[in-house]
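**Q** File my_file-v5.csv below, CSV, C-alpha atoms and all ligand atoms:
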```csv
chain,number,residue,atom,x,y,z
A,1,MET,CA,0.0,0.0,0.0
A,2,ILE,CA,1.5,3.3,-1.0
A,3,ALA,CA,1.5,6.5,1.1
A,4,ASP,CA,-0.5,8.3,-1.5
A,5,ASN,CA,-3.5,6.5,-0.3
A,6,LEU,CA,-3.3,7.9,3.2
A,7,VAL,CA,-6.6,9.7,4.1
A,8,ILE,CA,-5.4,12.8,6.0
A,9,GLY,CA,-8.1,15.0,7.6
A,10,GLY,CA,-5.8,17.7,8.9
A,11,MET,CA,-2.3,18.9,9.5
A,12,ALA,CA,-0.6,21.1,12.1
A,13,ALA,CA,2.3,22.5,10.1
A,14,PHE,CA,4.3,23.2,13.3
A,15,SER,CA,3.7,21.8,16.7
A,16,THR,CA,5.7,22.0,20.0
A,17,VAL,CA,3.3,19.8,22.0
A,18,ASP,CA,2.7,16.6,20.0
A,19,TYR,CA,6.1,15.1,20.4
A,20,PRO,CA,7.9,15.8,23.7
A,21,GLN,CA,11.0,18.0,23.3
A,22,HIS,CA,10.7,18.1,19.5
A,23,LEU,CA,9.4,20.3,16.8
A,24,ALA,CA,7.0,18.4,14.7
A,25,ALA,CA,4.5,18.5,11.9
A,26,THR,CA,1.4,16.6,12.9
A,27,LEU,CA,-0.9,14.7,10.6
A,28,PHE,CA,-4.5,13.9,11.6
A,29,LEU,CA,-5.5,10.7,9.9
A,30,GLN,CA,-9.1,9.8,9.3
A,31,GLY,CA,-10.9,6.7,10.8
A,32,CYS,CA,-11.4,5.2,14.3
A,33,PRO,CA,-13.2,2.0,15.4
A,34,TRP,CA,-14.1,3.5,18.7
A,35,ARG,CA,-16.7,6.1,19.8
A,36,CYS,CA,-15.4,7.6,23.0
A,37,HIS,CA,-18.0,9.7,24.8
A,38,TYR,CA,-15.5,12.6,25.2
A,39,CYS,CA,-14.0,12.4,21.6
A,40,HIS,CA,-12.8,15.9,20.8
A,41,ASN,CA,-12.4,15.2,17.1
A,42,PRO,CA,-15.6,13.4,16.0
A,43,HIS,CA,-15.0,14.6,12.4
A,44,LEU,CA,-12.0,12.3,12.2
A,45,ILE,CA,-14.0,9.2,13.1
A,46,PRO,CA,-15.2,8.4,9.6
A,47,LEU,CA,-12.6,6.9,7.3
A,48,GLN,CA,-13.4,9.5,4.6
A,49,THR,CA,-13.1,13.2,5.0
A,50,ALA,CA,-16.2,15.4,4.8
A,51,ASP,CA,-14.0,18.3,3.5
A,52,GLU,CA,-11.3,18.2,0.9
A,53,LYS,CA,-8.6,15.9,2.1
A,54,ILE,CA,-4.9,16.8,2.4
A,55,THR,CA,-2.9,14.8,-0.1
A,56,TRP,CA,0.4,13.0,0.7
A,57,GLN,CA,2.0,15.0,-2.1
A,58,GLN,CA,1.1,18.2,-0.2
A,59,VAL,CA,2.5,16.8,3.0
A,60,ARG,CA,5.8,15.8,1.2
A,61,GLN,CA,6.1,19.3,-0.2
A,62,HIS,CA,5.6,20.8,3.2
A,63,LEU,CA,8.2,18.5,4.8
A,64,GLU,CA,10.7,19.0,2.0
A,65,GLY,CA,10.6,22.7,2.7
A,66,ARG,CA,11.2,22.2,6.4
A,67,GLN,CA,14.1,19.7,6.5
A,68,GLY,CA,16.5,20.9,9.2
A,69,LEU,CA,13.7,23.0,10.8
A,70,LEU,CA,11.4,20.3,12.0
A,71,ASP,CA,12.7,17.3,13.9
A,72,ALA,CA,9.7,15.0,13.6
A,73,VAL,CA,6.4,14.0,12.0
A,74,VAL,CA,3.6,12.8,14.3
A,75,PHE,CA,0.9,10.6,12.9
A,76,SER,CA,-2.3,11.2,15.0
A,77,GLY,CA,-6.0,10.8,14.5
A,78,GLY,CA,-8.5,9.5,14.7
A,79,GLU,CA,-6.8,6.1,15.1
A,80,PRO,CA,-3.9,6.2,12.6
A,81,THR,CA,-2.9,2.5,12.9
A,82,ILE,CA,-6.1,1.4,11.0
A,83,GLN,CA,-4.8,3.0,7.8
A,84,LYS,CA,-2.8,0.5,5.8
A,85,PRO,CA,-0.7,3.1,4.0
A,86,LEU,CA,0.7,4.4,7.3
A,87,LEU,CA,3.7,2.0,7.0
A,88,ALA,CA,4.7,3.4,3.7
A,89,ALA,CA,4.4,6.9,5.0
A,90,LEU,CA,6.5,6.1,8.1
A,91,ARG,CA,9.3,4.7,5.8
A,92,HIS,CA,9.1,7.8,3.7
A,93,THR,CA,9.4,10.3,6.5
A,94,ARG,CA,12.2,8.3,8.1
A,95,ALA,CA,14.1,8.3,4.8
A,96,MET,CA,13.6,12.1,4.7
A,97,GLY,CA,15.5,12.3,8.0
A,98,PHE,CA,12.5,12.9,10.4
A,99,ARG,CA,11.8,11.1,13.6
A,100,ASN,CA,8.5,9.4,13.6
A,101,GLY,CA,5.9,9.9,16.4
A,102,LEU,CA,2.6,8.1,16.7
A,103,HIS,CA,-0.5,8.8,18.8
A,104,THR,CA,-2.5,5.6,19.1
A,105,GLY,CA,-5.0,3.8,21.4
A,106,ALA,CA,-3.7,0.5,19.8
A,107,PRO,CA,-7.1,-1.1,19.1
A,108,HIS,CA,-5.5,-3.9,17.1
A,109,LEU,CA,-2.0,-5.2,18.0
A,110,ASP,CA,-1.6,-6.8,14.6
A,111,LEU,CA,-1.8,-3.4,13.0
A,112,LEU,CA,0.7,-1.8,15.5
A,113,ARG,CA,3.4,-4.5,15.4
A,114,PRO,CA,4.7,-4.0,11.8
A,115,LEU,CA,4.9,-0.3,12.5
A,116,LEU,CA,7.2,-0.6,15.5
A,117,PRO,CA,10.6,-0.7,13.7
A,118,TRP,CA,9.7,2.7,12.0
A,119,LEU,CA,8.7,4.5,15.2
A,120,ASP,CA,10.8,6.7,17.5
A,121,TRP,CA,8.2,7.7,20.0
A,122,VAL,CA,4.6,6.7,20.8
A,123,GLY,CA,1.9,8.4,22.9
A,124,LEU,CA,-0.2,5.5,23.9
A,125,ASP,CA,-3.8,6.3,25.0
A,126,ILE,CA,-4.9,4.3,27.9
A,127,LYS,CA,-8.7,4.8,28.4
A,128,ALA,CA,-9.3,3.0,31.7
A,129,MET,CA,-8.6,-0.4,33.3
A,130,PRO,CA,-9.1,-3.1,30.7
A,131,SER,CA,-12.4,-4.2,32.1
A,132,ASP,CA,-13.8,-0.6,32.1
A,133,TYR,CA,-12.9,0.3,28.5
A,134,ALA,CA,-16.4,-0.1,27.0
A,135,ALA,CA,-17.7,2.6,29.4
A,136,VAL,CA,-15.4,5.0,27.6
A,137,THR,CA,-15.0,3.7,24.1
A,138,THR,CA,-18.6,2.3,23.8
A,139,ARG,CA,-17.0,-0.7,22.1
A,140,ARG,CA,-16.8,-4.1,23.9
A,141,HIS,CA,-13.5,-5.9,24.3
A,142,SER,CA,-11.6,-2.8,23.5
A,143,GLY,CA,-9.3,-2.8,26.5
A,144,PRO,CA,-7.0,-5.9,26.5
A,145,GLN,CA,-5.2,-5.2,23.2
A,146,SER,CA,-4.6,-1.6,24.1
A,147,TRP,CA,-3.0,-2.6,27.4
A,148,ALA,CA,-1.0,-5.4,25.7
A,149,ALA,CA,0.6,-2.7,23.5
A,150,ILE,CA,2.7,-1.6,26.5
A,151,GLU,CA,4.6,-4.9,26.4
A,152,GLN,CA,5.0,-4.7,22.6
A,153,LEU,CA,6.5,-1.2,22.9
A,154,GLN,CA,8.9,-2.3,25.7
A,155,LYS,CA,10.0,-5.3,23.7
A,156,ALA,CA,10.6,-3.2,20.6
A,157,ASP,CA,12.5,-0.7,22.7
A,158,VAL,CA,10.3,2.2,21.4
A,159,ASP,CA,10.3,5.3,23.6
A,160,PHE,CA,6.7,6.0,24.8
A,161,GLU,CA,4.5,7.7,27.3
A,162,CYS,CA,1.0,6.5,28.4
A,163,ARG,CA,-1.7,9.2,28.5
A,164,MET,CA,-5.2,9.0,29.8
A,165,THR,CA,-8.0,11.5,29.2
A,166,TRP,CA,-9.9,12.2,32.4
A,167,HIS,CA,-13.6,13.1,32.3
A,168,GLY,CA,-15.2,13.6,35.7
A,169,GLU,CA,-18.3,11.6,34.8
A,170,LEU,CA,-16.4,8.6,33.5
A,171,HIS,CA,-13.5,8.3,36.0
A,172,SER,CA,-13.2,9.0,39.7
A,173,ALA,CA,-9.8,10.1,41.1
A,174,GLU,CA,-9.5,6.6,42.6
A,175,GLN,CA,-10.0,5.0,39.1
A,176,VAL,CA,-7.3,7.3,37.6
A,177,VAL,CA,-4.9,6.3,40.5
A,178,GLU,CA,-5.7,2.6,39.9
A,179,VAL,CA,-4.8,3.0,36.2
A,180,GLY,CA,-1.6,4.8,37.1
A,181,GLU,CA,-0.5,2.2,39.6
A,182,CYS,CA,-1.1,-0.7,37.2
A,183,LEU,CA,0.9,1.2,34.5
A,184,ALA,CA,3.8,1.7,36.9
A,185,ASP,CA,3.6,-2.0,37.9
A,186,ARG,CA,4.1,-2.8,34.2
A,187,GLY,CA,7.2,-0.7,34.0
A,188,VAL,CA,5.7,2.5,32.4
A,189,ARG,CA,7.9,5.5,33.4
A,190,ARG,CA,6.0,8.4,31.9
A,191,PHE,CA,2.2,9.0,32.5
A,192,ALA,CA,0.3,12.1,31.4
A,193,VAL,CA,-3.3,12.6,32.6
A,194,GLN,CA,-5.2,15.0,30.3
A,195,VAL,CA,-8.4,16.6,31.5
A,196,ALA,CA,-11.1,16.1,28.8
A,197,ARG,CA,-11.9,19.2,26.8
A,198,SER,CA,-15.6,19.9,27.1
A,199,ASP,CA,-16.0,22.5,24.3
A,200,GLN,CA,-16.6,19.8,21.6
A,201,MET,CA,-17.5,16.2,22.5
A,202,LEU,CA,-19.0,13.3,20.5
A,203,ASN,CA,-21.6,12.7,23.3
A,204,ALA,CA,-22.6,16.1,24.7
A,205,GLN,CA,-25.0,14.3,27.1
A,206,ILE,CA,-22.2,13.3,29.4
A,207,GLY,CA,-21.7,16.9,30.4
A,208,ALA,CA,-18.5,18.8,31.0
A,209,GLY,CA,-17.1,16.3,33.6
A,210,TYR,CA,-15.8,18.9,36.0
A,211,ILE,CA,-12.9,17.7,38.1
A,212,SER,CA,-12.3,19.3,41.5
A,213,LEU,CA,-8.9,20.6,42.7
A,214,ALA,CA,-9.1,18.0,45.5
A,215,ALA,CA,-9.5,15.2,43.0
A,216,LYS,CA,-6.5,16.4,41.0
A,217,GLN,CA,-4.4,16.6,44.2
A,218,THR,CA,-5.4,13.0,45.1
A,219,VAL,CA,-4.1,11.8,41.8
A,220,ILE,CA,-0.9,13.8,42.0
A,221,LEU,CA,-0.1,12.8,45.5
A,222,ALA,CA,-0.7,9.1,44.8
A,223,LEU,CA,1.2,8.9,41.5
A,224,ASP,CA,3.9,11.5,41.5
A,225,SER,CA,6.5,9.3,43.3
A,226,ILE,CA,6.0,6.2,41.2
A,227,PHE,CA,6.7,7.7,37.7
A,228,GLU,CA,9.8,9.2,36.3
A,229,CYS,CA,7.5,11.8,34.8
A,230,LEU,CA,3.9,12.5,35.8
A,231,GLU,CA,2.0,15.3,34.1
A,232,LEU,CA,-1.5,16.6,34.8
A,233,ARG,CA,-2.5,18.5,31.7
A,234,GLY,CA,-5.5,20.9,31.6
A,301,LIG,S1,-11.1,9.9,21.3
A,301,LIG,FE1,-11.8,7.8,21.0
A,301,LIG,S2,-13.3,7.9,19.3
A,301,LIG,FE2,-12.1,9.8,19.3
A,301,LIG,S3,-10.4,9.4,17.9
A,301,LIG,FE3,-9.7,8.9,19.9
A,301,LIG,S4,-10.0,6.7,20.2
A,301,LIG,FE4,-11.3,7.4,18.4
```
Show me, as structure tokens, the structure contained in the file I just sent.
Ligand code: SF4
**A**
Amino acid sequence: MIADNLVIGGMAAFSTVDYPQHLAATLFLQGCPWRCHYCHNPHLIPLQTADEKITWQQVRQHLEGRQGLLDAVVFSGGEPTIQKPLLAALRHTRAMGFRNGLHTGAPHLDLLRPLLPWLDWVGLDIKAMPSDYAAVTTRRHSGPQSWAAIEQLQKADVDFECRMTWHGELHSAEQVVEVGECLADRGVRRFAVQVARSDQMLNAQIGAGYISLAAKQTVILALDSIFECLELRG
């Protein structure tokens, strides 16, 4: 499958936040098998774009003009691993001298595995404890593969962080702490907890999910000492 077939819904030409400590261009790929209540990018869920898509040729031109200025390309989504042309795109950007970053929830390990040799860094979304996934993704059996991706990344020696989106109606502080403790037990060293953005959500019925300062402090106090890096974002 060639990179020209990649369905790209958007591009951030220059990002300082999508790949830690690196300047990156970020591509938002279409398509996702899950339907998270708090999804902030519902327009990326369908495999096809509603608007005119960005072509791989346009991306290449952008990157060619920024060699030496940008360090990395981040493939985000949506869920980028479900697009078969992603492998060809990763090879291409690596050959151009860029580091490759990936944002994924890892819904299918078979799709993630072939990509690992071409990845320099991964932001792995962990939605909840494996048994609680469906309450977030609204898809049954979505948790085990996602958690199993941790071991795959460790075996492949790919640098990564785990990140969790925290919505007050979906997770208590104690549930976030439980996720963090289980990640640390599995050898995860960096964990970022991101407060869900409430300005645009797939399911507006769940409300803003307000999280109190006390709840945030509970999480920080419980987890700060067990990670090399713990961030609470938002
Ligand atoms: S938030 Fe959930 S539904 Fe939205 S793109 Fe990410 S994994 Fe898919």
**Q** Hey, could you pull the box centre and edge lengths for ligand LIG 301 (chain A), axis-aligned, 3 Å padding per side, all listed atoms, to one decimal in Å, as JSON?
**A**
```
{"center_x": -11.5, "center_y": 8.3, "center_z": 19.6, "size_x": 9.6, "size_y": 9.2, "size_z": 9.4}
```
**Q** For a quick check of your reading of the model, name the residues lying within 10 Å of the coordinate (-1.7, 18.1, 10.6), counting only C-alpha atoms, and write them as number ranges by chain.
**A** A: 8-15, 24-29, 54, 59, 73-77
**Q** Closest to A:Glu228 among A:Ala214, A:Ala208, A:Ala192, A:Leu124, using only C-alpha atoms?
**A**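 Selected residue with least distance to A:Glu228: A:Ala192.
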**Q** Which residue gives the smallest distance to A:Arg99 among A:Gly31, A:Pro80, A:Pro20, A:Gly168, with all atoms listed in the file counted?
**A** A:Pro20
**Q** Using only C-alpha atoms, can you tell me which of A:Pro144, A:Gly207, A:Gly123, A:Pro46 comes closest to A:Pro107?
**A**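 Result for the nearest residue to A:Pro107: A:Pro144.
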**Q** Would you list the residues near (8.3, 19.5, 9.2), meaning any protein, DNA or RNA residue with an atom at most 8 Å from that point in file coordinates, counting only C-alpha atoms, as number ranges by chain?
**A** A: 13-14, 23-25, 62-67, 69-73, 98
**Q** Atoms to include: C-alpha atoms. Write the selected residues as a short mmCIF file (atom, residue, chain, number, x, y, z; two decimals), in the coordinates of the input.
**A**
```
data_model
loop_
_atom_site.label_atom_id
_atom_site.label_comp_id
_atom_site.auth_asym_id
_atom_site.auth_seq_id
_atom_site.Cartn_x
_atom_site.Cartn_y
_atom_site.Cartn_z
CA ALA A 13 2.30 22.50 10.10
CA PHE A 14 4.30 23.20 13.30
CA LEU A 23 9.40 20.30 16.80
CA ALA A 24 7.00 18.40 14.70
CA ALA A 25 4.50 18.50 11.90
CA HIS A 62 5.60 20.80 3.20
CA LEU A 63 8.20 18.50 4.80
CA GLU A 64 10.70 19.00 2.00
CA GLY A 65 10.60 22.70 2.70
CA ARG A 66 11.20 22.20 6.40
CA GLN A 67 14.10 19.70 6.50
CA LEU A 69 13.70 23.00 10.80
CA LEU A 70 11.40 20.30 12.00
CA ASP A 71 12.70 17.30 13.90
CA ALA A 72 9.70 15.00 13.60
CA VAL A 73 6.40 14.00 12.00
CA PHE A 98 12.50 12.90 10.40
#
```
**Q** So which residues are near ligand LIG 301 (chain A), meaning at most 9 Å away with all atoms listed in the file counted, given back as a ChimeraX atom specification?
**A** /A:30-45,76-80,104-107,125,127,136-138,165,201-202
**Q** Do a neighbour search on A:Asp132 at 12 Å with all atoms listed in the file, toss out local chain neighbours closer than 3 positions, and write the hits as a list in words.
**A**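 Contacts, in chain order: Ile126, Lys127, Ala128, Met129, Ala135, Val136, Thr137, Thr138, Arg139, Arg140, His141, Ser142, Gly143, Pro144, Trp147, Leu170, His171, Gln175, Val176, Glu178 and Val179 of chain A.
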**Q** For each of A:Thr93, A:Ser225, A:Ser172, A:Gln61, take the minimum atom-to-atom distance to A:Gly209, counting only C-alpha atoms, then give the residue where this is smallest.
**A**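 Between A:Thr93, A:Ser225, A:Ser172, A:Gln61, the residue approaching A:Gly209 most closely is A:Ser172.
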**Q** Only C-alpha atoms, please: stretch 14-47 of chain A from the block, as a short mmCIF file (atom, residue, chain, number, x, y, z; two decimals), in the first residue's frame.
**A**
```
data_model
loop_
_atom_site.label_atom_id
_atom_site.label_comp_id
_atom_site.auth_asym_id
_atom_site.auth_seq_id
_atom_site.Cartn_x
_atom_site.Cartn_y
_atom_site.Cartn_z
CA PHE A 14 4.34 23.19 13.25
CA SER A 15 3.72 21.77 16.73
CA THR A 16 5.68 21.99 19.98
CA VAL A 17 3.31 19.80 21.99
CA ASP A 18 2.66 16.63 19.99
CA TYR A 19 6.13 15.05 20.40
CA PRO A 20 7.92 15.80 23.69
CA GLN A 21 10.99 18.02 23.30
CA HIS A 22 10.74 18.06 19.51
CA LEU A 23 9.36 20.34 16.85
CA ALA A 24 6.99 18.36 14.71
CA ALA A 25 4.48 18.50 11.91
CA THR A 26 1.36 16.59 12.94
CA LEU A 27 -0.93 14.73 10.56
CA PHE A 28 -4.46 13.85 11.64
CA LEU A 29 -5.52 10.66 9.92
CA GLN A 30 -9.14 9.75 9.33
CA GLY A 31 -10.88 6.75 10.81
CA CYS A 32 -11.42 5.23 14.26
CA PRO A 33 -13.16 2.01 15.36
CA TRP A 34 -14.13 3.48 18.75
CA ARG A 35 -16.70 6.07 19.80
CA CYS A 36 -15.38 7.59 23.02
CA HIS A 37 -17.98 9.75 24.75
CA TYR A 38 -15.51 12.61 25.15
CA CYS A 39 -14.00 12.39 21.64
CA HIS A 40 -12.84 15.89 20.79
CA ASN A 41 -12.36 15.18 17.08
CA PRO A 42 -15.56 13.43 15.96
CA HIS A 43 -15.01 14.64 12.38
CA LEU A 44 -11.97 12.31 12.24
CA ILE A 45 -13.96 9.16 13.10
CA PRO A 46 -15.24 8.35 9.57
CA LEU A 47 -12.61 6.89 7.26
#
```
